[in-house]
>>> print(open('structure13.txt').read())   # compact mmCIF, C-alpha atoms
# COMPACT_ATOMS: atom_id res chain seq x y z
CA MET A 1 -45.97 -32.37 24.00
CA THR A 2 -46.44 -31.36 27.64
CA TYR A 3 -44.22 -28.74 29.23
CA ASN A 4 -42.39 -31.32 31.36
CA LYS A 5 -41.72 -33.55 28.35
CA PHE A 6 -40.55 -30.56 26.31
CA ALA A 7 -38.23 -29.40 29.08
CA PHE A 8 -36.78 -32.89 29.45
CA ALA A 9 -36.20 -33.19 25.73
CA LEU A 10 -34.57 -29.77 25.57
CA SER A 11 -32.28 -30.47 28.50
CA THR A 12 -31.29 -33.79 26.98
CA ALA A 13 -30.48 -32.14 23.66
CA LEU A 14 -28.44 -29.42 25.35
CA ALA A 15 -26.55 -31.98 27.40
CA ALA A 16 -25.77 -33.98 24.27
CA ALA A 17 -24.63 -30.86 22.45
CA THR A 18 -22.47 -29.82 25.38
CA PHE A 19 -20.95 -33.30 25.63
CA GLY A 20 -20.32 -33.32 21.90
CA PHE A 21 -18.61 -29.93 22.05
CA ALA A 22 -16.46 -31.01 24.98
CA ALA A 23 -15.52 -34.24 23.24
CA SER A 24 -14.66 -32.31 20.07
CA ALA A 25 -12.51 -29.85 22.05
CA ALA A 26 -10.77 -32.70 23.84
CA ALA A 27 -10.10 -34.40 20.52
CA ALA A 28 -8.47 -31.23 19.25
CA GLU A 29 -5.98 -31.10 22.13
CA VAL A 30 -3.12 -33.60 22.27
CA THR A 31 -0.22 -33.90 24.69
CA LEU A 32 3.00 -35.65 23.72
CA LEU A 33 5.89 -36.61 26.00
CA ASN A 34 9.34 -36.52 24.41
CA VAL A 35 11.84 -38.45 26.54
CA SER A 36 15.25 -37.22 25.47
CA TYR A 37 18.91 -37.10 26.39
CA ASP A 38 20.57 -34.67 28.72
CA VAL A 39 22.08 -32.01 26.49
CA ALA A 40 19.12 -31.67 24.12
CA ARG A 41 17.14 -29.39 26.44
CA GLU A 42 17.70 -26.15 24.57
CA LEU A 43 17.12 -27.78 21.19
CA TYR A 44 13.65 -29.00 22.06
CA LYS A 45 12.72 -25.77 23.80
CA ASP A 46 12.87 -24.30 20.30
CA ILE A 47 11.60 -27.32 18.36
CA ASN A 48 8.42 -27.82 20.40
CA PRO A 49 6.69 -24.44 19.88
CA ALA A 50 7.76 -24.37 16.23
CA PHE A 51 6.17 -27.78 15.67
CA ALA A 52 3.03 -26.91 17.64
CA SER A 53 2.53 -23.76 15.58
CA ALA A 54 3.08 -25.53 12.26
CA TYR A 55 0.81 -28.44 13.21
CA LYS A 56 -1.96 -26.14 14.42
CA LYS A 57 -1.78 -24.20 11.16
CA SER A 58 -2.02 -27.33 9.00
CA THR A 59 -4.52 -29.39 11.01
CA GLY A 60 -6.26 -27.12 13.50
CA VAL A 61 -5.16 -29.43 16.33
CA ASP A 62 -3.43 -28.05 19.42
CA VAL A 63 -0.43 -30.14 20.48
CA THR A 64 1.50 -29.64 23.69
CA VAL A 65 4.90 -31.33 23.89
CA LYS A 66 6.29 -32.06 27.34
CA GLN A 67 9.94 -32.92 27.90
CA SER A 68 11.96 -35.27 30.08
CA HIS A 69 15.77 -35.11 30.06
CA GLY A 70 18.61 -37.12 31.58
CA GLY A 71 21.42 -39.46 30.64
CA SER A 72 20.37 -41.24 27.44
CA SER A 73 20.58 -44.79 28.78
CA LYS A 74 19.01 -43.77 32.08
CA GLN A 75 16.10 -42.23 30.17
CA ALA A 76 15.66 -45.36 28.07
CA ARG A 77 15.49 -47.47 31.21
CA ALA A 78 12.86 -45.12 32.65
CA VAL A 79 10.71 -45.66 29.55
CA ALA A 80 11.25 -49.41 29.82
CA ASP A 81 10.16 -49.23 33.46
CA GLY A 82 6.91 -47.45 32.67
CA LEU A 83 7.50 -43.78 31.83
CA GLU A 84 4.88 -43.25 29.10
CA ALA A 85 6.92 -41.54 26.41
CA SER A 86 5.13 -40.78 23.15
CA VAL A 87 8.48 -40.48 21.39
CA VAL A 88 12.11 -40.98 22.35
CA THR A 89 14.86 -38.77 20.94
CA MET A 90 18.15 -40.30 22.06
CA ASN A 91 21.80 -39.92 21.21
CA GLN A 92 22.52 -43.53 20.36
CA ALA A 93 20.71 -46.38 18.66
CA ASN A 94 21.52 -48.81 21.44
CA ASP A 95 19.01 -47.23 23.80
CA ILE A 96 16.17 -47.51 21.30
CA ASP A 97 17.17 -51.09 20.48
CA MET A 98 16.66 -51.90 24.14
CA LEU A 99 13.13 -50.49 23.99
CA ALA A 100 12.49 -52.54 20.86
CA ASP A 101 13.63 -55.66 22.70
CA ARG A 102 11.12 -54.82 25.45
CA GLY A 103 8.29 -54.59 22.91
CA LEU A 104 7.73 -50.85 23.31
CA VAL A 105 9.17 -49.88 19.91
CA VAL A 106 9.01 -51.85 16.66
CA GLN A 107 12.14 -53.81 15.80
CA ASP A 108 12.61 -51.99 12.48
CA TRP A 109 12.30 -48.53 14.08
CA ALA A 110 15.41 -47.27 12.26
CA LYS A 111 13.61 -47.71 8.92
CA LYS A 112 10.58 -45.62 9.90
CA PHE A 113 12.31 -42.29 9.24
CA PRO A 114 15.16 -41.19 6.91
CA ASN A 115 18.87 -41.50 7.68
CA ASN A 116 18.49 -44.46 10.04
CA ALA A 117 15.85 -42.43 11.90
CA ALA A 118 18.51 -39.90 12.88
CA PRO A 119 17.58 -36.35 11.76
CA ALA A 120 20.85 -34.96 13.15
CA TYR A 121 24.33 -36.05 14.13
CA SER A 122 27.30 -34.75 16.05
CA THR A 123 30.73 -35.90 17.18
CA MET A 124 32.95 -35.82 20.24
CA VAL A 125 35.32 -32.87 20.70
CA TYR A 126 37.15 -31.17 23.55
CA LEU A 127 36.37 -28.07 25.56
CA VAL A 128 39.48 -26.68 27.23
CA ARG A 129 40.14 -23.64 29.35
CA LYS A 130 41.29 -20.41 27.73
CA GLY A 131 44.76 -20.70 26.26
CA ASN A 132 44.62 -24.53 26.41
CA PRO A 133 47.22 -24.61 29.22
CA LYS A 134 47.67 -28.41 29.02
CA ALA A 135 48.22 -28.27 25.24
CA ILE A 136 45.52 -30.85 24.53
CA LYS A 137 45.29 -31.68 20.84
CA ASP A 138 44.36 -35.34 20.46
CA TRP A 139 43.19 -38.46 22.29
CA ALA A 140 46.66 -39.42 23.50
CA ASP A 141 46.92 -36.09 25.34
CA LEU A 142 43.96 -37.07 27.53
CA ALA A 143 45.99 -39.99 28.87
CA LYS A 144 48.96 -37.93 30.02
CA PRO A 145 49.70 -37.72 33.75
CA GLY A 146 48.33 -34.59 35.38
CA VAL A 147 45.50 -34.04 32.89
CA ALA A 148 42.06 -34.11 34.55
CA VAL A 149 39.41 -35.25 32.04
CA VAL A 150 35.69 -34.72 32.59
CA ILE A 151 33.56 -37.42 30.94
CA PRO A 152 30.07 -38.59 31.96
CA ASN A 153 29.56 -42.21 32.95
CA PRO A 154 29.46 -44.50 29.89
CA LYS A 155 27.05 -46.77 31.77
CA THR A 156 24.36 -44.07 31.93
CA ALA A 157 25.22 -41.37 29.39
CA GLY A 158 25.39 -41.67 25.63
CA ASN A 159 28.11 -39.07 25.30
CA GLY A 160 30.22 -40.94 27.85
CA ARG A 161 29.81 -44.04 25.72
CA TYR A 162 30.64 -42.20 22.51
CA THR A 163 33.73 -40.69 24.13
CA TYR A 164 34.96 -44.12 25.21
CA LEU A 165 34.39 -45.55 21.72
CA ALA A 166 35.93 -42.50 20.01
CA ALA A 167 39.13 -42.89 22.03
CA TRP A 168 39.26 -46.67 21.49
CA GLY A 169 38.51 -46.34 17.78
CA SER A 170 41.14 -43.63 17.29
CA VAL A 171 43.82 -46.20 18.05
CA LEU A 172 42.40 -48.82 15.70
CA LYS A 173 41.96 -46.30 12.88
CA LYS A 174 45.67 -45.47 13.11
CA GLY A 175 46.59 -49.14 12.78
CA GLY A 176 46.89 -49.93 16.48
CA ASN A 177 45.58 -53.11 18.08
CA GLU A 178 42.98 -53.86 20.74
CA GLY A 179 45.57 -54.00 23.49
CA GLN A 180 46.86 -50.54 22.65
CA ALA A 181 43.31 -49.19 22.49
CA ARG A 182 42.52 -50.70 25.91
CA GLU A 183 45.67 -49.15 27.36
CA LEU A 184 44.82 -45.67 26.06
CA VAL A 185 41.22 -45.77 27.27
CA GLY A 186 42.35 -47.11 30.63
CA LYS A 187 44.77 -44.23 31.10
CA ILE A 188 42.13 -41.69 30.08
CA PHE A 189 39.62 -42.97 32.63
CA LYS A 190 42.28 -43.00 35.33
CA ASN A 191 42.39 -39.25 34.72
CA VAL A 192 38.64 -38.80 35.25
CA PRO A 193 38.04 -37.19 38.67
CA VAL A 194 34.28 -37.79 38.78
CA LEU A 195 31.80 -39.74 36.64
CA ASP A 196 28.64 -37.68 36.34
CA ALA A 197 25.44 -39.49 35.34
CA GLY A 198 24.71 -37.28 32.30
CA GLY A 199 26.30 -34.88 29.87
CA ARG A 200 24.77 -31.72 31.29
CA ALA A 201 25.99 -32.61 34.79
CA ALA A 202 29.49 -33.12 33.35
CA THR A 203 29.31 -29.70 31.69
CA THR A 204 28.34 -28.15 35.04
CA THR A 205 31.24 -29.92 36.73
CA PHE A 206 33.68 -28.46 34.23
CA THR A 207 32.28 -24.96 33.72
CA GLN A 208 30.75 -24.04 37.08
CA ARG A 209 32.51 -26.29 39.58
CA LYS A 210 35.74 -25.65 37.66
CA ILE A 211 36.89 -29.25 37.90
CA GLY A 212 39.14 -30.67 35.19
CA ASP A 213 41.37 -29.47 32.38
CA VAL A 214 39.20 -30.75 29.52
CA LEU A 215 35.58 -31.70 28.98
CA VAL A 216 34.90 -34.30 26.30
CA THR A 217 31.37 -34.05 24.97
CA PHE A 218 29.25 -33.47 21.90
CA GLU A 219 30.24 -30.78 19.43
CA ASN A 220 26.87 -29.06 19.91
CA GLU A 221 27.31 -28.94 23.70
CA VAL A 222 30.77 -27.35 23.62
CA ASN A 223 29.62 -24.73 21.14
CA LEU A 224 26.65 -23.85 23.34
CA VAL A 225 29.04 -23.45 26.28
CA ARG A 226 31.26 -21.16 24.27
CA ALA A 227 28.26 -19.13 23.18
CA GLU A 228 27.27 -18.68 26.83
CA PHE A 229 30.65 -18.19 28.46
CA GLY A 230 32.56 -16.50 25.66
CA ASP A 231 36.33 -16.39 25.91
CA ASP A 232 36.67 -18.53 29.04
CA PHE A 233 36.96 -21.68 26.92
CA GLU A 234 38.26 -22.98 23.61
CA VAL A 235 37.09 -25.86 21.41
CA VAL A 236 39.66 -28.39 20.21
CA TYR A 237 38.97 -30.94 17.46
CA PRO A 238 40.91 -34.23 17.60
CA SER A 239 42.43 -35.69 14.43
CA SER A 240 39.55 -38.18 14.23
CA SER A 241 36.37 -38.85 16.13
CA ILE A 242 33.18 -40.86 16.05
CA LEU A 243 29.95 -40.19 14.17
CA ALA A 244 27.36 -39.62 16.89
CA GLU A 245 23.86 -39.98 15.49
CA SER A 246 20.77 -38.71 17.31
CA PRO A 247 18.11 -41.35 16.54
CA VAL A 248 14.39 -40.95 17.18
CA ALA A 249 11.44 -43.32 17.44
CA VAL A 250 7.75 -43.41 18.15
CA VAL A 251 6.97 -45.46 21.27
CA ASP A 252 4.41 -47.64 19.52
CA LYS A 253 2.88 -49.26 22.59
CA VAL A 254 2.10 -45.85 24.15
CA VAL A 255 0.84 -43.97 21.09
CA ASP A 256 -1.46 -46.79 20.04
CA LYS A 257 -2.92 -47.03 23.54
CA ARG A 258 -3.53 -43.28 23.66
CA GLY A 259 -4.56 -42.83 20.02
CA ILE A 260 -1.86 -40.25 19.25
CA ARG A 261 0.25 -42.00 16.61
CA LYS A 262 -0.56 -39.37 13.97
CA GLU A 263 0.66 -36.49 16.13
CA ALA A 264 3.73 -38.34 17.42
CA THR A 265 4.77 -39.27 13.88
CA ALA A 266 4.22 -35.71 12.68
CA TYR A 267 6.40 -34.43 15.53
CA LEU A 268 9.34 -36.58 14.48
CA ASN A 269 8.80 -35.79 10.80
CA PHE A 270 9.00 -32.09 11.67
CA LEU A 271 12.64 -32.65 12.66
CA TYR A 272 13.37 -33.41 9.00
CA SER A 273 11.52 -30.37 7.65
CA ASP A 274 13.37 -27.25 6.54
CA ALA A 275 12.20 -25.47 9.69
CA GLY A 276 13.29 -28.33 11.92
CA GLN A 277 16.68 -28.68 10.23
CA GLU A 278 17.29 -24.95 10.63
CA ILE A 279 16.65 -25.18 14.36
CA ILE A 280 18.91 -28.23 14.58
CA ALA A 281 21.75 -26.38 12.85
CA LYS A 282 21.33 -23.28 15.03
CA HIS A 283 21.88 -25.53 18.03
CA TYR A 284 25.15 -26.78 16.52
CA LEU A 285 23.88 -30.23 15.65
CA ARG A 286 24.83 -31.28 12.14
CA PRO A 287 21.67 -31.35 9.98
CA ARG A 288 20.90 -34.00 7.38
CA SER A 289 19.70 -31.45 4.82
CA ASP A 290 22.56 -30.63 2.44
CA ALA A 291 21.17 -27.15 1.82
CA VAL A 292 20.89 -26.35 5.53
CA PHE A 293 24.32 -27.83 6.23
CA LYS A 294 25.92 -25.66 3.55
CA LYS A 295 24.17 -22.59 4.94
CA HIS A 296 25.69 -23.25 8.37
CA ALA A 297 28.98 -24.79 7.21
CA ALA A 298 31.05 -22.27 9.18
CA SER A 299 29.72 -23.81 12.40
CA PHE A 300 30.97 -27.30 11.54
CA LYS A 301 34.69 -27.82 11.24
CA PRO A 302 35.68 -30.66 8.88
CA ILE A 303 36.80 -33.73 10.83
CA SER A 304 37.52 -37.37 9.97
CA LEU A 305 34.65 -39.44 11.37
CA PHE A 306 34.27 -43.19 11.79
CA THR A 307 31.10 -45.07 12.70
CA VAL A 308 30.19 -47.58 15.39
CA ASP A 309 29.29 -50.08 12.66
CA GLU A 310 32.62 -49.60 10.90
CA VAL A 311 34.91 -50.06 13.90
CA PHE A 312 32.86 -52.00 16.46
CA GLY A 313 30.46 -54.08 14.38
CA GLY A 314 27.38 -52.16 15.43
CA TRP A 315 25.87 -50.95 18.69
CA ARG A 316 24.75 -54.33 19.95
CA ALA A 317 28.26 -55.74 19.63
CA ALA A 318 29.80 -52.63 21.19
CA GLN A 319 27.35 -52.75 24.11
CA LYS A 320 27.99 -56.42 24.82
CA LYS A 321 31.77 -56.15 24.68
CA HIS A 322 32.33 -52.78 26.30
CA PHE A 323 29.39 -51.65 28.44
CA ASP A 324 27.44 -54.65 29.70
CA ASP A 325 28.13 -55.60 33.31
CA GLY A 326 31.56 -57.19 33.47
CA GLY A 327 32.57 -55.75 30.09
CA GLU A 328 35.67 -53.81 29.11
CA PHE A 329 34.59 -50.57 30.78
CA ASP A 330 33.91 -52.26 34.11
CA LYS A 331 37.29 -53.98 33.98
CA ILE A 332 39.04 -50.72 33.12
CA TYR A 333 37.29 -48.61 35.72
CA SER A 334 37.50 -51.15 38.55
CA SER A 335 41.31 -51.14 38.17
CA LYS A 336 41.46 -47.33 38.41
>>> encode(input="structure13.txt", output="structure tokens")
Amino acid sequence: MTYNKFAFALSTALAAATFGFAASAAAAEVTLLNVSYDVARELYKDINPAFASAYKKSTGVDVTVKQSHGGSSKQARAVADGLEASVVTMNQANDIDMLADRGLVVQDWAKKFPNNAAPAYSTMVYLVRKGNPKAIKDWADLAKPGVAVVIPNPKTAGNGRYTYLAAWGSVLKKGGNEGQARELVGKIFKNVPVLDAGGRAATTTFTQRKIGDVLVTFENEVNLVRAEFGDDFEVVYPSSSILAESPVAVVDKVVDKRGIRKEATAYLNFLYSDAGQEIIAKHYLRPRSDAVFKKHAASFKPISLFTVDEVFGGWRAAQKKHFDDGGEFDKIYSSK
């Protein structure tokens, strides 16, 4: 072999080796995008590095998880409009159903993971100012004249929607009728000074802008506020409230296009692991693991819970009747 031929062959071999190494390195690095709801920021700041470390240890693959947060329904619409989420971690099934209807998520997404694909749940409770000066104890108290109630917009925020349904359902569970439920919810929303787009914005309105006498939001959010602000606030549990599941799903269309289904599925499965359930509980979300729940039982006050299926016939029926354009919420709020 002449020198020139040898040099060419060597350079070709080196180039191939270099390309192969680069391709191997690229294959060992994966980026996921988790599109999530507004008040889950702190949770996933802890979940993501814990998952990345565990996955690296078991597979040798480096995974970076990026986050996007906002009102749950607003986030779902962003995914539907082209935001390339690898996974969605929402606070209501309705938002994932919409993505399934758009062909981004499989129709039977709720069967892909345990517990209706909801590794955690919460409920709606009240955060009041120290001493509870307005003596707020239950849903009817939110409808009293002179009580300013901070609730995010049910059209864009899952916790706003859960709050609406919790108040409506509280009447029905006590034997009241639809008319009485509509009257109570109407009075409550007449007491809402501003409709923020998401739960975290509503929390800021109440805690930092000092607007309102009571914030209605997820149990995990009010406990995080108390942990941060100490004795400035108190948590009040109503006599009954709604079961607020936090469902998750792989965005099938995206992960298949990018070849990252394995990592995306592992990420959501991590939420059900002992390590994931521990992190969930430490952030005041109610874990599905009985053992982890018992360990953190002091953080979760017993409360009578009803479900969307039980009282409203499921999320699709609730959406159509109450939150679609021209539905009950629009009628109630337009008459404010």
>>> atom_distance(input="structure13.txt", atom1="atom CA of Ala135 of chain A", atom2="atom CA of Phe206 of chain A")
17.1 Å
>>> residues_around(input="structure13.txt", residues="Ile242 of chain A", least_positions_apart="6", cutoff="8 Å", atoms="all atoms listed in the file", output="compact mmCIF listing (two decimals) with C-alpha atoms, in the frame of the given file")
# COMPACT_ATOMS: atom_id res chain seq x y z
CA THR A 123 30.73 -35.90 17.18
CA MET A 124 32.95 -35.82 20.24
CA TYR A 162 30.64 -42.20 22.51
CA LEU A 165 34.39 -45.55 21.72
CA ALA A 166 35.93 -42.50 20.01
CA GLY A 169 38.51 -46.34 17.78
CA LEU A 305 34.65 -39.44 11.37
CA PHE A 306 34.27 -43.19 11.79
CA THR A 307 31.10 -45.07 12.70
CA VAL A 308 30.19 -47.58 15.39
>>> residues_around(input="structure13.txt", residues="Pro145 of chain A", least_positions_apart="6", cutoff="10 Å", atoms="only C-alpha atoms", output="number ranges by chain")
A: 187-188, 190-191
>>> closest_atom_pairs(input="structure13.txt", of="segment 249-294 of chain A", to="segment 105-121 of chain A", cutoff="8 Å", atoms="only C-alpha atoms", output="Markdown table")
| residue | atom | partner | partner_atom | distance |
| --- | --- | --- | --- | --- |
| A:Ala249 | CA | A:Trp109 | CA | 6.3 |
| A:Val250 | CA | A:Val105 | CA | 6.9 |
| A:Val251 | CA | A:Val105 | CA | 5.1 |
| A:Asp252 | CA | A:Val105 | CA | 5.3 |
| A:Lys253 | CA | A:Val105 | CA | 6.9 |
| A:Asn269 | CA | A:Phe113 | CA | 7.6 |
| A:Leu271 | CA | A:Pro119 | CA | 6.2 |
| A:Tyr272 | CA | A:Pro119 | CA | 5.8 |
| A:Gln277 | CA | A:Pro119 | CA | 7.9 |
| A:Ile280 | CA | A:Ala120 | CA | 7.1 |
| A:Leu285 | CA | A:Tyr121 | CA | 6.0 |
| A:Arg286 | CA | A:Tyr121 | CA | 5.2 |
| A:Pro287 | CA | A:Ala120 | CA | 4.9 |
| A:Arg288 | CA | A:Ala120 | CA | 5.8 |
>>> write_last_selection(input="structure13.txt", atoms="C-alpha atoms", output="PDB file, in the coordinates of the input")
ATOM      1  CA  ALA A 249      11.440 -43.320  17.440  1.00  0.00           C
ATOM      2  CA  VAL A 250       7.750 -43.410  18.150  1.00  0.00           C
ATOM      3  CA  VAL A 251       6.970 -45.460  21.270  1.00  0.00           C
ATOM      4  CA  ASP A 252       4.410 -47.640  19.520  1.00  0.00           C
ATOM      5  CA  LYS A 253       2.880 -49.260  22.590  1.00  0.00           C
ATOM      6  CA  ASN A 269       8.800 -35.790  10.800  1.00  0.00           C
ATOM      7  CA  LEU A 271      12.640 -32.650  12.660  1.00  0.00           C
ATOM      8  CA  TYR A 272      13.370 -33.410   9.000  1.00  0.00           C
ATOM      9  CA  GLN A 277      16.680 -28.680  10.230  1.00  0.00           C
ATOM     10  CA  ILE A 280      18.910 -28.230  14.580  1.00  0.00           C
ATOM     11  CA  LEU A 285      23.880 -30.230  15.650  1.00  0.00           C
ATOM     12  CA  ARG A 286      24.830 -31.280  12.140  1.00  0.00           C
ATOM     13  CA  PRO A 287      21.670 -31.350   9.980  1.00  0.00           C
ATOM     14  CA  ARG A 288      20.900 -34.000   7.380  1.00  0.00           C
TER      15      ARG A 288
END
>>> atom_distance(input="structure13.txt", atom1="atom CA of Arg316 of chain A", atom2="atom CA of Gln75 of chain A")
18.0 Å
>>> atom_distance(input="structure13.txt", atom1="atom CA of Thr207 of chain A", atom2="atom CA of Asn159 of chain A")
17.0 Å
>>> closest_residue(input="structure13.txt", among="A:Trp168, A:Tyr37, A:Tyr284, A:Phe189", to="Asp95 of chain A", atoms="all atoms listed in the file")
A:Tyr37
>>> axis_aligned_box(input="structure13.txt", around="segment 63-69 of chain A", padding_each_side="4 Å", output="AutoDock Vina command-line options")
--center_x 7.7 --center_y -32.5 --center_z 25.3 --size_x 24.2 --size_y 13.6 --size_z 17.6
